[in-house]
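What follows is a single structure, written as structure tokens, with notes after it.
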Amino acid sequence: MNSRREFIKTTATGALILGSQTSLGLAAILDQKAQHAEAAKSKVVVARDPALHGPAGQLDDKRVIDLLDRAIAAYTGRDHPVEAWKRIVPIGKVIGLKTNGLGGKGISTHLALVLAIAERLQQAGVKPGEILVWDRNARDLEACGLTINTDPSRIRCFGSDVSGFEDQPISWGSASVKFSKILTRECDMVIGLPILKDHNLSGVTFSMKNMYGVVQRPFELHAGGCNPGVADLNRIPVVRDKVRFTIGDAMSSVYEGGPGFHPEHLWQPNALIVGEDRVAVDHTAWQIIERKRAEVGVPTLEAAGRPPLYIATAADAEHNLGFNDPKRINLMEV
Amino acid sequence: MKFQTNRWMLPIWFSIFAVFMGATVAILTTTGCKKKAADPMPASGAVAGWEKTADTRVFDAKNLYQYIDGDAEQYISAGVVTTSTADYKYKGQLEATADVYTMGDAAGARKILETGQTKDAKAVQLGDAGVAYAQSVIFRKGPYLVRIVAFDSTPETPQALLALAHGIEAKL
């Protein structure tokens with residue numbers, strides 16, 4: 001394994017401590033046998049629970065925890081949640097949970113998922129003060145049902161409106177952005193918690209597009225259907241290297257009219273989409289949106305004039321962020 | 001000493017006065033010292049059952065992305081000038097958000113209303129045209145495009161949203 005790309009290619013088992021190849025200096029725990037068997041594939045887990053929402057449409061919090069455990073167990077190959085989480089996060093480091101509350105109360109990362117992850121992180125040995133739930137601003141976080149807290153003895157929760165942004169922009173390709181200090185200074189590792197949505201510019205917003213919420217002027221990356229903006233932004237080292245895992249919220253979604261909340265287009269896939277390879281995760285999410293659009297008779301995103309081209313761009317040789325070829329995605333549906 | 005003005009000076013004084021008045025008007029209209037636009041959002045209790053739970057927030061076109069990010073583009077391309085938004089609660093239970101987009105003209109409002117309608121849309125008598133869904137109401141009136149979204153679907157939701165919509169319509 002002599003490059004990051006090789007490293008990504010060999011994460012098919014998902015059974016590793018993320019960051020083992022980084023400055024976090026954690027020991028790699030790779031299952032060599034599985035590594036060779038599944039070489040050059042990225043693992044993505046889609047965990048579903050059709051009974052996740054009750055008859056009145058309310059989310060069952062207990063079932064969310066169970067669904068999370070099932071997803072993480074499938075990804076890591078470890079049935080016990082604590083053991084599984086120890087393979088995902090480094091202990092003694094600050095773990096950021098980047099939510100997405102842009103769409104408002106109706107279509108934001110679910111509180112139950114955030115709380116379930118925070119609980120499992122603590123059980124795995126992450127101290128409360130080392131967990132930082134964050135988004136663009138207080139309003140976005142409150143849309144998820146979260147409460148702002150900057151007390152470092154507890155789980156922290158605040159937005160870039162509190163931390164501020166770096167003074168100096170960082171550039172890659174078309175992207176020249178000022179990052180939130182939460183990303184650059186607070187977090188050692190970030191787990192993305194996007195919510196699956198249609199997007200009227202980029203087609204789909206999920207793992208990679210969620211990073212628009214970590215920069216000061218995201219609208220400057222909207223040109224061309226956010227292509228190559230999304231890919232360029234994710235290629236910037238601080239994003240590529242720190243945001244290493246996605247636990248995508250596809251429990252509710254909008255298949256049309258996004259990224260805002262359009263209840264007329266709301267549906268409940270009742271799923272979590274989990275993976276390290278942000279490109280493979282987004283490709284998988286895109287297919288889920290397309291299937292729903294076909295089911296309800298809405299044109300494909302390409303026919304609608306907004307195919308998520310940034311996914312292929314992120315997979316190209318220049319960006320090298322992961323795989324969008326289904327043959328190179330080890331999709332596990334559990 | 002008696003102040004005297006020659007008749008030939010009068011046109012000059014008039015010119016100076018006209019320039020002064022023109023400059024004053026220009027300053028007032030470009031520095032924000034203009035009459036504040038009326039808040040289109042009904043106050044708590046103005047519509048039966050509805051409580052306004054937060055102050056109205058106003059965004060102009062250039063910072064609309066702070067509110068709706070990627071959604072902003074379609075409104076900007078349709079000529080949005082300002083956007084007002086406020087949160088409401090109906091009978092202490094049902095939460096909703098009302099947005100009033102002030103477009104440059106009625107055509108902009110029409111463009112937004114006609115975009116993205118589905119076969120579930122029911123025409124409603126609101127403003128110049130409007131549609132309702134189980135959890136939302138959208139209508140236009142002149143240059144205004146109003147969208148109200150509820151976060152729960154209850155048997156009361158459609159009628160409650162229509163009542164709030166009429167309350168907003170009356171203020172436009």
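Each chain in the structure tokens gets a letter, A, B and so on, in the order shown; residues start at 1 in every chain, and ligands are counted from 1 in the order they appear.
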Closest contacts (chain B/chain A, max 10 Å, only C-alpha atoms) as a Markdown table:
| residue | atom | partner | partner_atom | distance |
| --- | --- | --- | --- | --- |
| B:Lys62 | CA | A:Phe219 | CA | 9.8 |
| B:Asn63 | CA | A:Phe219 | CA | 9.5 |
| B:Leu64 | CA | A:Phe219 | CA | 9.7 |
| B:Tyr65 | CA | A:Phe219 | CA | 6.6 |
| B:Gln66 | CA | A:Arg217 | CA | 8.9 |
| B:Tyr67 | CA | A:Leu102 | CA | 7.6 |
| B:Ile68 | CA | A:Leu102 | CA | 6.6 |
| B:Asp69 | CA | A:Phe219 | CA | 6.7 |
| B:Gly70 | CA | A:Pro259 | CA | 6.6 |
| B:Asp71 | CA | A:Pro259 | CA | 6.3 |
| B:Ala72 | CA | A:Phe219 | CA | 8.9 |
| B:Glu73 | CA | A:Leu201 | CA | 8.2 |
| B:Gln74 | CA | A:Asn200 | CA | 8.2 |
| B:Glu95 | CA | A:Lys105 | CA | 9.0 |
| B:Ala96 | CA | A:Lys105 | CA | 9.1 |
| B:Thr97 | CA | A:Gly104 | CA | 9.0 |
| B:Thr115 | CA | A:Gly257 | CA | 9.3 |
| B:Gly116 | CA | A:Gly257 | CA | 6.8 |
| B:Gln117 | CA | A:Glu264 | CA | 9.2 |
| B:Thr118 | CA | A:Glu264 | CA | 8.0 |
| B:Asp120 | CA | A:Glu264 | CA | 7.9 |
| B:Ala121 | CA | A:Glu264 | CA | 8.7 |
| B:Ala132 | CA | A:Glu264 | CA | 9.6 |
| B:Tyr133 | CA | A:Glu264 | CA | 6.5 |
| B:Ala134 | CA | A:Glu264 | CA | 7.2 |
| B:Gln135 | CA | A:Pro263 | CA | 6.1 |
| B:Ser136 | CA | A:Pro263 | CA | 7.0 |
| B:Val149 | CA | A:Pro263 | CA | 7.5 |
| B:Ala150 | CA | A:Pro263 | CA | 8.1 |
| B:Phe151 | CA | A:Gly106 | CA | 5.4 |
| B:Asp152 | CA | A:Gly106 | CA | 8.3 |
| B:Ser153 | CA | A:Gly57 | CA | 8.8 |
| B:Thr154 | CA | A:Ala56 | CA | 9.1 |
Would you write out those residues with C-alpha atoms, as an mmCIF file, in the first residue's frame?
data_model
loop_
_atom_site.group_PDB
_atom_site.id
_atom_site.type_symbol
_atom_site.label_atom_id
_atom_site.label_comp_id
_atom_site.auth_asym_id
_atom_site.auth_seq_id
_atom_site.Cartn_x
_atom_site.Cartn_y
_atom_site.Cartn_z
ATOM 1 C CA LYS B 62 -27.370 38.428 -2.303
ATOM 2 C CA ASN B 63 -27.585 36.742 1.082
ATOM 3 C CA LEU B 64 -30.562 34.476 0.421
ATOM 4 C CA TYR B 65 -28.162 31.534 0.318
ATOM 5 C CA GLN B 66 -27.753 31.964 4.077
ATOM 6 C CA TYR B 67 -31.338 30.877 4.392
ATOM 7 C CA ILE B 68 -31.888 28.360 1.621
ATOM 8 C CA ASP B 69 -28.470 27.938 -0.021
ATOM 9 C CA GLY B 70 -28.952 25.934 -3.215
ATOM 10 C CA ASP B 71 -32.634 26.790 -3.409
ATOM 11 C CA ALA B 72 -31.708 30.463 -3.669
ATOM 12 C CA GLU B 73 -30.626 30.213 -7.287
ATOM 13 C CA GLN B 74 -34.104 29.590 -8.678
ATOM 14 C CA GLU B 95 -45.149 23.899 13.558
ATOM 15 C CA ALA B 96 -44.932 25.736 10.270
ATOM 16 C CA THR B 97 -42.713 28.160 8.417
ATOM 17 C CA THR B 115 -42.305 25.215 -11.151
ATOM 18 C CA GLY B 116 -42.436 21.843 -9.503
ATOM 19 C CA GLN B 117 -46.176 21.438 -9.124
ATOM 20 C CA THR B 118 -47.308 17.861 -8.891
ATOM 21 C CA ASP B 120 -51.441 16.230 -6.052
ATOM 22 C CA ALA B 121 -51.720 20.012 -6.152
ATOM 23 C CA ALA B 132 -52.331 23.445 -1.693
ATOM 24 C CA TYR B 133 -50.907 20.106 -0.673
ATOM 25 C CA ALA B 134 -51.414 18.081 2.482
ATOM 26 C CA GLN B 135 -48.656 19.995 4.297
ATOM 27 C CA SER B 136 -48.082 23.137 2.274
ATOM 28 C CA VAL B 149 -44.977 24.588 5.006
ATOM 29 C CA ALA B 150 -46.113 22.558 7.994
ATOM 30 C CA PHE B 151 -43.881 19.958 9.599
ATOM 31 C CA ASP B 152 -46.618 17.507 10.449
ATOM 32 C CA SER B 153 -49.602 16.164 8.654
ATOM 33 C CA THR B 154 -52.710 16.188 10.817
#
Residue neighbourhood range 188-191 of chain A, 9 Å, only C-alpha atoms, exclusion window fewer than 3 positions, as a list in words: Leu18, Gly19, Leu24, Val89, Pro90, Lys93, Val94, Ile95, Gly96, Leu97, Lys98, Thr99, Leu183, Thr184, Arg185, Val239, Asp241, Lys242, Val243, Arg244, Phe245, Thr246 and Ile247 of chain A
Among listed residues B:Pro158, B:Gly167, B:Gly104, B:Pro42, nearest Val80 in chain B (using only C-alpha atoms): B:Gly104
Test item: residues at most 9 Å from range 59-69 of chain A, only C-alpha atoms, excluding those fewer than 5 positions along its chain, as a ChimeraX atom specification: /A:47-49,51-54,74,79-81,84,110,112-113,115-117,120,247,251,271-272
Sel. of strand (DSSP E) residues, range 176-293 of chain A, as a VMD selection string: chain A and resid 176 to 177 189 to 192 195 to 199 203 to 205 243 to 254 266 to 267 271 to 275
Mind writing the picked residues with C-alpha atoms as a CSV table (one decimal), in the first residue's frame?
chain,number,residue,atom,x,y,z
A,176,SER,CA,-11.2,28.9,-3.3
A,177,VAL,CA,-12.8,28.8,0.1
A,189,MET,CA,-11.8,13.5,12.4
A,190,VAL,CA,-15.2,14.3,11.0
A,191,ILE,CA,-18.1,11.9,10.4
A,192,GLY,CA,-20.5,13.3,7.9
A,195,ILE,CA,-29.5,13.8,4.9
A,196,LEU,CA,-30.4,12.5,1.5
A,197,LYS,CA,-32.1,15.1,-0.8
A,198,ASP,CA,-32.7,16.0,-4.3
A,199,HIS,CA,-31.0,19.2,-5.2
A,203,GLY,CA,-29.1,16.7,-8.6
A,204,VAL,CA,-28.3,15.0,-5.4
A,205,THR,CA,-27.0,16.3,-2.1
A,243,VAL,CA,-13.9,13.9,6.8
A,244,ARG,CA,-13.3,10.2,6.7
A,245,PHE,CA,-16.6,8.5,7.3
A,246,THR,CA,-20.2,9.0,6.3
A,247,ILE,CA,-23.2,7.8,8.2
A,248,GLY,CA,-25.8,9.1,5.8
A,249,ASP,CA,-29.3,9.7,7.0
A,250,ALA,CA,-31.8,8.3,4.4
A,251,MET,CA,-34.5,7.8,7.0
A,252,SER,CA,-36.5,10.6,5.3
A,253,SER,CA,-35.8,12.2,2.0
A,254,VAL,CA,-37.1,14.5,-0.7
A,266,LEU,CA,-41.2,13.7,1.1
A,267,TRP,CA,-40.7,10.0,1.4
A,271,ALA,CA,-32.3,3.7,5.6
A,272,LEU,CA,-28.8,4.6,6.7
A,273,ILE,CA,-26.0,4.6,4.1
A,274,VAL,CA,-22.6,4.1,5.6
A,275,GLY,CA,-19.1,4.2,4.1
Spatial neighbours of Gly92 in chain B, max dist 9 Å, only C-alpha atoms, sep filter under 3 positions, as a ChimeraX atom specification: /B:49-51,89,95
Dump N, CA and C atoms for the selected residues as a PDB file, in the first residue's frame?
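Full text of selection15.pdb as output:
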ATOM      1  N   GLY B  49     -55.693  30.707  16.275  1.00  0.00           N
ATOM      2  CA  GLY B  49     -54.944  29.488  16.557  1.00  0.00           C
ATOM      3  C   GLY B  49     -53.466  29.577  16.275  1.00  0.00           C
ATOM      4  N   TRP B  50     -53.063  30.582  15.517  1.00  0.00           N
ATOM      5  CA  TRP B  50     -51.659  30.669  15.107  1.00  0.00           C
ATOM      6  C   TRP B  50     -50.861  31.620  16.005  1.00  0.00           C
ATOM      7  N   GLU B  51     -49.747  31.109  16.472  1.00  0.00           N
ATOM      8  CA  GLU B  51     -48.813  31.918  17.263  1.00  0.00           C
ATOM      9  C   GLU B  51     -47.527  32.083  16.466  1.00  0.00           C
ATOM     10  N   LYS B  89     -46.670  28.431  15.104  1.00  0.00           N
ATOM     11  CA  LYS B  89     -47.167  27.215  15.738  1.00  0.00           C
ATOM     12  C   LYS B  89     -48.686  27.321  15.841  1.00  0.00           C
ATOM     13  N   GLU B  95     -46.136  22.890  13.922  1.00  0.00           N
ATOM     14  CA  GLU B  95     -45.149  23.899  13.558  1.00  0.00           C
ATOM     15  C   GLU B  95     -45.183  24.143  12.058  1.00  0.00           C
TER      16      GLU B  95
END
Ala106 in chain B surroundings by only C-alpha atoms, 6 Å radius, close-in-sequence under 3 positions cut, as a PyMOL selection string: chain B and resi 109+142-143
Interatomic distance, CA of Arg57 in chain B to CA of Glu169 in chain B (Å, one decimal): 18.1 Å
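Between CA of Ala315 in chain A and CA of Ala231 in chain A the separation is 8.4 Å.
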Please run DSSP on the backbone and report, as a PDB file with N, CA and C atoms, in the first residue's frame, all residues within range 29-94 of chain A that come out as helix (DSSP H, G or I).
ATOM      1  N   GLN A  32      -6.309  -9.147   6.334  1.00  0.00           N
ATOM      2  CA  GLN A  32      -5.543  -9.301   5.106  1.00  0.00           C
ATOM      3  C   GLN A  32      -6.234 -10.227   4.104  1.00  0.00           C
ATOM      4  N   LYS A  33      -6.848 -11.258   4.618  1.00  0.00           N
ATOM      5  CA  LYS A  33      -7.491 -12.204   3.714  1.00  0.00           C
ATOM      6  C   LYS A  33      -8.638 -11.533   2.950  1.00  0.00           C
ATOM      7  N   ALA A  34      -9.480 -10.854   3.705  1.00  0.00           N
ATOM      8  CA  ALA A  34     -10.601 -10.169   3.081  1.00  0.00           C
ATOM      9  C   ALA A  34     -10.100  -9.047   2.182  1.00  0.00           C
ATOM     10  N   GLN A  35      -9.008  -8.447   2.588  1.00  0.00           N
ATOM     11  CA  GLN A  35      -8.439  -7.359   1.812  1.00  0.00           C
ATOM     12  C   GLN A  35      -8.110  -7.822   0.395  1.00  0.00           C
ATOM     13  N   HIS A  36      -7.467  -8.987   0.303  1.00  0.00           N
ATOM     14  CA  HIS A  36      -7.091  -9.477  -1.021  1.00  0.00           C
ATOM     15  C   HIS A  36      -8.307  -9.936  -1.807  1.00  0.00           C
ATOM     16  N   ALA A  37      -9.258 -10.525  -1.100  1.00  0.00           N
ATOM     17  CA  ALA A  37     -10.445 -11.032  -1.782  1.00  0.00           C
ATOM     18  C   ALA A  37     -11.268  -9.899  -2.387  1.00  0.00           C
ATOM     19  N   ASP A  61     -37.116   6.006  18.035  1.00  0.00           N
ATOM     20  CA  ASP A  61     -35.728   6.243  18.424  1.00  0.00           C
ATOM     21  C   ASP A  61     -34.975   4.944  18.708  1.00  0.00           C
ATOM     22  N   LYS A  62     -35.655   4.012  19.348  1.00  0.00           N
ATOM     23  CA  LYS A  62     -35.006   2.745  19.672  1.00  0.00           C
ATOM     24  C   LYS A  62     -34.598   2.000  18.398  1.00  0.00           C
ATOM     25  N   ARG A  63     -35.467   2.033  17.430  1.00  0.00           N
ATOM     26  CA  ARG A  63     -35.165   1.345  16.183  1.00  0.00           C
ATOM     27  C   ARG A  63     -34.031   2.034  15.433  1.00  0.00           C
ATOM     28  N   VAL A  64     -33.881   3.347  15.654  1.00  0.00           N
ATOM     29  CA  VAL A  64     -32.774   4.073  15.011  1.00  0.00           C
ATOM     30  C   VAL A  64     -31.440   3.547  15.554  1.00  0.00           C
ATOM     31  N   ILE A  65     -31.364   3.359  16.863  1.00  0.00           N
ATOM     32  CA  ILE A  65     -30.130   2.821  17.454  1.00  0.00           C
ATOM     33  C   ILE A  65     -29.848   1.428  16.903  1.00  0.00           C
ATOM     34  N   ASP A  66     -30.886   0.627  16.840  1.00  0.00           N
ATOM     35  CA  ASP A  66     -30.707  -0.738  16.314  1.00  0.00           C
ATOM     36  C   ASP A  66     -30.238  -0.707  14.862  1.00  0.00           C
ATOM     37  N   LEU A  67     -30.810   0.208  14.097  1.00  0.00           N
ATOM     38  CA  LEU A  67     -30.434   0.315  12.684  1.00  0.00           C
ATOM     39  C   LEU A  67     -28.981   0.757  12.550  1.00  0.00           C
ATOM     40  N   LEU A  68     -28.604   1.729  13.381  1.00  0.00           N
ATOM     41  CA  LEU A  68     -27.216   2.188  13.373  1.00  0.00           C
ATOM     42  C   LEU A  68     -26.271   1.041  13.710  1.00  0.00           C
ATOM     43  N   ASP A  69     -26.607   0.293  14.746  1.00  0.00           N
ATOM     44  CA  ASP A  69     -25.755  -0.833  15.153  1.00  0.00           C
ATOM     45  C   ASP A  69     -25.622  -1.852  14.024  1.00  0.00           C
ATOM     46  N   ARG A  70     -26.725  -2.099  13.369  1.00  0.00           N
ATOM     47  CA  ARG A  70     -26.709  -3.074  12.282  1.00  0.00           C
ATOM     48  C   ARG A  70     -25.821  -2.575  11.136  1.00  0.00           C
ATOM     49  N   ALA A  71     -25.920  -1.304  10.834  1.00  0.00           N
ATOM     50  CA  ALA A  71     -25.113  -0.733   9.744  1.00  0.00           C
ATOM     51  C   ALA A  71     -23.625  -0.786  10.075  1.00  0.00           C
ATOM     52  N   ILE A  72     -23.311  -0.406  11.305  1.00  0.00           N
ATOM     53  CA  ILE A  72     -21.900  -0.363  11.694  1.00  0.00           C
ATOM     54  C   ILE A  72     -21.335  -1.775  11.824  1.00  0.00           C
ATOM     55  N   ALA A  73     -22.148  -2.679  12.329  1.00  0.00           N
ATOM     56  CA  ALA A  73     -21.699  -4.073  12.429  1.00  0.00           C
ATOM     57  C   ALA A  73     -21.407  -4.649  11.043  1.00  0.00           C
ATOM     58  N   ALA A  74     -22.292  -4.371  10.106  1.00  0.00           N
ATOM     59  CA  ALA A  74     -22.086  -4.870   8.747  1.00  0.00           C
ATOM     60  C   ALA A  74     -20.846  -4.239   8.128  1.00  0.00           C
ATOM     61  N   TYR A  75     -20.623  -2.989   8.441  1.00  0.00           N
ATOM     62  CA  TYR A  75     -19.475  -2.308   7.831  1.00  0.00           C
ATOM     63  C   TYR A  75     -18.151  -2.803   8.400  1.00  0.00           C
ATOM     64  N   THR A  76     -18.118  -2.968   9.706  1.00  0.00           N
ATOM     65  CA  THR A  76     -16.851  -3.324  10.355  1.00  0.00           C
ATOM     66  C   THR A  76     -16.647  -4.826  10.485  1.00  0.00           C
ATOM     67  N   PRO A  81     -21.329  -3.378  19.241  1.00  0.00           N
ATOM     68  CA  PRO A  81     -21.210  -1.969  18.839  1.00  0.00           C
ATOM     69  C   PRO A  81     -19.937  -1.287  19.347  1.00  0.00           C
ATOM     70  N   VAL A  82     -19.580  -1.546  20.593  1.00  0.00           N
ATOM     71  CA  VAL A  82     -18.398  -0.880  21.137  1.00  0.00           C
ATOM     72  C   VAL A  82     -17.150  -1.283  20.357  1.00  0.00           C
ATOM     73  N   GLU A  83     -17.029  -2.584  20.112  1.00  0.00           N
ATOM     74  CA  GLU A  83     -15.872  -3.049  19.342  1.00  0.00           C
ATOM     75  C   GLU A  83     -15.899  -2.481  17.927  1.00  0.00           C
ATOM     76  N   ALA A  84     -17.069  -2.418  17.385  1.00  0.00           N
ATOM     77  CA  ALA A  84     -17.194  -1.882  16.020  1.00  0.00           C
ATOM     78  C   ALA A  84     -16.759  -0.416  15.968  1.00  0.00           C
ATOM     79  N   TRP A  85     -17.235   0.368  16.931  1.00  0.00           N
ATOM     80  CA  TRP A  85     -16.897   1.797  16.919  1.00  0.00           C
ATOM     81  C   TRP A  85     -15.423   2.040  17.192  1.00  0.00           C
ATOM     82  N   LYS A  86     -14.816   1.160  17.957  1.00  0.00           N
ATOM     83  CA  LYS A  86     -13.387   1.315  18.203  1.00  0.00           C
ATOM     84  C   LYS A  86     -12.580   1.129  16.913  1.00  0.00           C
TER      85      LYS A  86
END
Compile the contact shell of Asp99 in chain B as a short mmCIF file (atom, residue, chain, number, x, y, z; two decimals) with N, CA and C atoms, in the first residue's frame: residues with an atom at most 7 Å away, counting only C-alpha atoms, same-chain residues fewer than 5 positions apart removed.
data_model
loop_
_atom_site.label_atom_id
_atom_site.label_comp_id
_atom_site.auth_asym_id
_atom_site.auth_seq_id
_atom_site.Cartn_x
_atom_site.Cartn_y
_atom_site.Cartn_z
N THR B 83 -36.66 38.36 0.79
CA THR B 83 -37.41 37.21 1.30
C THR B 83 -37.63 37.41 2.80
N SER B 84 -38.88 37.28 3.20
CA SER B 84 -39.20 37.33 4.63
C SER B 84 -39.62 35.94 5.07
N THR B 85 -39.19 35.55 6.24
CA THR B 85 -39.57 34.23 6.74
C THR B 85 -39.86 34.30 8.24
N ALA B 86 -40.83 33.52 8.64
CA ALA B 86 -41.18 33.48 10.07
C ALA B 86 -41.72 32.10 10.43
N VAL B 146 -45.78 33.36 -1.96
CA VAL B 146 -45.87 32.95 -0.55
C VAL B 146 -45.87 31.43 -0.46
N ARG B 147 -45.07 30.92 0.44
CA ARG B 147 -45.01 29.46 0.62
C ARG B 147 -45.08 29.18 2.13
N ILE B 148 -46.03 28.38 2.51
CA ILE B 148 -46.18 28.00 3.93
C ILE B 148 -46.08 26.49 4.01
#
Contact residues around Lys327 in chain A with only C-alpha atoms at 12 Å, ignoring same-chain residues under 2 positions, as a list in words: Glu38, Ala39, Ala40, Lys41, Ser42, Lys43, Ala280, His283, Phe323, Asn324, Asp325, Ile329, Asn330 and Leu331 of chain A
